[in-house]
Every structure is written in C-alpha cells, then in structure tokens.
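As structure tokens, the structure follows; a few thoughts come after it.
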Amino acid sequence: IGGSNGKAVRFNENSVRPMGRNASGVKGFNADGGEVIGLATDSEGSYILVVTQKGYGKKSALEDYRLTSRGGKGVKTVNITERNGQLVSLRAVNGDEDLMIITDEGVVIRISLSDVAVYGRNAQGVKLINIDENKSVATIAIVDHEEDIDEELQEDE
C-alpha cells in the first residue's frame with residue numbers, strides 16, 4: 001500500500017482476516033498526513049512503479065521493500081521534493097508493459113516501461129512527461145505492450 005507522502009508498507013495479505021460486508025476492516029497503512037494512492041500484490045508483477053505529481057517516475061524491485069506488519073507508517077518509496085511533487089500512483093508491473101500517463105489538462109502519452117530504469121527506493125526517479133507549471137499528473141494506466149502502428153502498416157504493404 002502506498003501513500004501520497006512517498007511511503008509504502010509491504011505486509012503478508014494473510015494478516016488481514018476475512019470479515020463481513022458491514023465490517024470496518026483492519027488498519028493496513030498509517031498514511032501519516034497523506035492519503036492512500038495505490039496498492040499492489042506480488043502476483044501482479046516483480047517491480048513497483050511509482051509516478052509523481054510533476055511527471056517523475058521509476059521502477060523499483062519488489063524485494064527492496066521489506067516485509068513489515070500492517071498498520072505501519074511504511075518505508076520511503078520515492079524521495080519527495082519540490083521538484084517532483086507528491087506521489088500520484090503506485091502499481092506492480094513486470095516491466096514489459098506500456099504506461100499511459102494522463103495529466104489534469106487532458107494530455108495523454110504512452111511510453112514503454114522497458115524504457116523506465118530500475119532505481120532504489122530512495123531515488124527521486126526520472127522525468128517521464130514534461131508538465132507545465134501549475135499542472136500535474138492526474139492518473140496512470142498500465143496497458144499491454146503494442147508494437148508501433150507505423151511498423152505494422154509497413155509490414156502490411
């Protein structure tokens with residue numbers, strides 16, 4: 001589970017007991033002033049992809065996140081600075097997919113995750129999209145990799 005404050009907690013899902021529909025649940029993450037922005041399981045991929053408000057992102061190995069008990073404040077997953085902004089999204093990926101980044105002004109770009117380098121948890125990441133002042137990343141989507149359409153058209157001719 002990741003928070004907008006740049007921290008994430010990793011725990012065994014078996015520590016969350018089954019409950020009824022009306023139950024309030026158990027504490028999974030202490031957001032410490034931030035808010036929960038994403039969650040992932042190890043079955044979804046072997047890397048954790050994070051993207052920040054101002055267009056920075058990185059992949060980190062899932063093993064970089066130590067197992068803790070649920071309800072903790074977590075460990076640093078990205079170095080939050082004035083330059084890169086708050087954490088917007090945290091997802092588990094394999095690294096061979098494509099990433100679609102959508103800004104709050106409606107700009108959409110698609111990049112291959114194989115082009116995004118793997119960094120340690122404390123790194124700030126690299127710029128994935130150029131964003132104007134006072135604009136930010138709204139959300140991201142992970143989609144299956146597709147070959148370039150121009151290449152496909154040339155093969156058909």
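To be explicit about the labels: the chains of the structure tokens are called A, B, and onward in the order shown, and within each one the residues are counted from 1, while ligands get numbers from 1 in the order they are shown.
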
- [ ] Go through region 64-135 of chain A and collect every residue that DSSP, computed from the backbone, puts in helix (DSSP H, G or I); the answer should be as a VMD selection string.
- [x] chain A and resid 64 113 to 115

Open item on the list: DSSP on the backbone: which residues in region 18-116 of chain A end up as strand (DSSP E or B)? Give the answer as number ranges by chain.
Closed with: A: 36-38, 47-52, 56-61, 67, 75-76, 87-93, 98-103, 108-112

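Comparing A:Tyr47, A:Leu87, A:Asn130, A:Val137 by their smallest distance to Leu113 (chain A), the closest is A:Tyr47 (using only C-alpha atoms).
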
Open item on the list: Set the distance at 9 Å and use only C-alpha atoms: which residues neighbour Glu13 (chain A) once local chain neighbours fewer than 2 positions away are removed? I'd like the list as an MDAnalysis selection string.
Closed with: chainID A and resid 11 15:17 41 70

- [ ] Within 6 Å of Leu90 (chain A), counting only C-alpha atoms, which residues show up once you throw out same-chain ones fewer than 4 positions away? Write them as JSON, numbers by chain, please.
- [x] {"A": [38, 49, 50]}

Neighbour list for Ile111 (chain A) as a PDB file with C-alpha atoms, in the first residue's frame, cut-off 8 Å, only C-alpha atoms, skip fewer than 2 positions in-chain:
ATOM      1  CA  ASP A  98       3.261   0.197 -21.652  1.00  0.00           C
ATOM      2  CA  LEU A  99       2.470   3.119 -19.369  1.00  0.00           C
ATOM      3  CA  MET A 100      -0.175   5.707 -20.202  1.00  0.00           C
ATOM      4  CA  ILE A 109       1.193   9.944 -23.545  1.00  0.00           C
ATOM      5  CA  LEU A 113       8.048   0.529 -19.308  1.00  0.00           C
ATOM      6  CA  ASP A 115      12.457   2.473 -21.166  1.00  0.00           C
TER       7      ASP A 115
END

TODO: Skip Tyr56 (chain A) itself and residues of its chain fewer than 3 positions away, then list as a ChimeraX atom specification all residues within 8 Å of it, counting only C-alpha atoms.
DONE: /A:51-53,84,124-129

- [ ] Between CA of Val9 (chain A) and CA of Gly25 (chain A), measure the distance and give it in Å to one decimal.
- [x] 17.0 Å

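For the atom pair formed by CA of Gly33 (chain A) and CA of Val78 (chain A), the distance is 16.3 Å, given to one decimal.
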
Open item on the list: List the spatial neighbours of Val118 (chain A) as number ranges by chain - criterion: any atom at most 7 Å away, only C-alpha atoms, same-chain residues fewer than 6 positions off excluded.
Closed with: A: 58-60

File dump, residues just selected, N, CA and C atoms, as a short mmCIF file (atom, residue, chain, number, x, y, z; two decimals), in the first residue's frame:
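Written file, again-v6.cif:
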data_model
loop_
_atom_site.label_atom_id
_atom_site.label_comp_id
_atom_site.auth_asym_id
_atom_site.auth_seq_id
_atom_site.Cartn_x
_atom_site.Cartn_y
_atom_site.Cartn_z
N LYS A 58 9.71 5.92 -11.59
CA LYS A 58 10.77 4.92 -11.57
C LYS A 58 10.16 3.56 -11.27
N LYS A 59 10.96 2.53 -11.57
CA LYS A 59 10.63 1.17 -11.16
C LYS A 59 11.61 0.78 -10.07
N SER A 60 11.13 0.06 -9.06
CA SER A 60 11.98 -0.48 -8.00
C SER A 60 11.65 -1.96 -7.85
#

Task: Å distance separating CA of Glu146 (chain A) from CA of Ala92 (chain A), one decimal place - done: 19.1 Å

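When only C-alpha atoms are used to compute distances to Val36 (chain A), the closest of the residues A:Thr139, A:Asn134, A:Ser112, A:Ser89 turns out to be A:Ser89.
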
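Each of A:Gly2, A:Gly34, A:Gly55, A:Gly85 was compared to Thr103 (chain A) using only C-alpha atoms, and A:Gly55 turns out to be the nearest.
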
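With only C-alpha atoms as the atoms that count, the residue of A:Ser46, A:Ser136, A:Asn5, A:Thr68 with the shortest distance to Val108 (chain A) is A:Ser136.
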
Open item on the list: With distances taken over only C-alpha atoms, which residue among A:Gly95, A:Gly45, A:Gly57, A:Gly106 lies nearest Ile80 (chain A)?
Closed with: A:Gly57

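In terms of minimum interatomic distance to Gly28 (chain A), A:Ile1 ranks closest within A:Val88, A:Ile142, A:Val116, A:Ile1, counting only C-alpha atoms.
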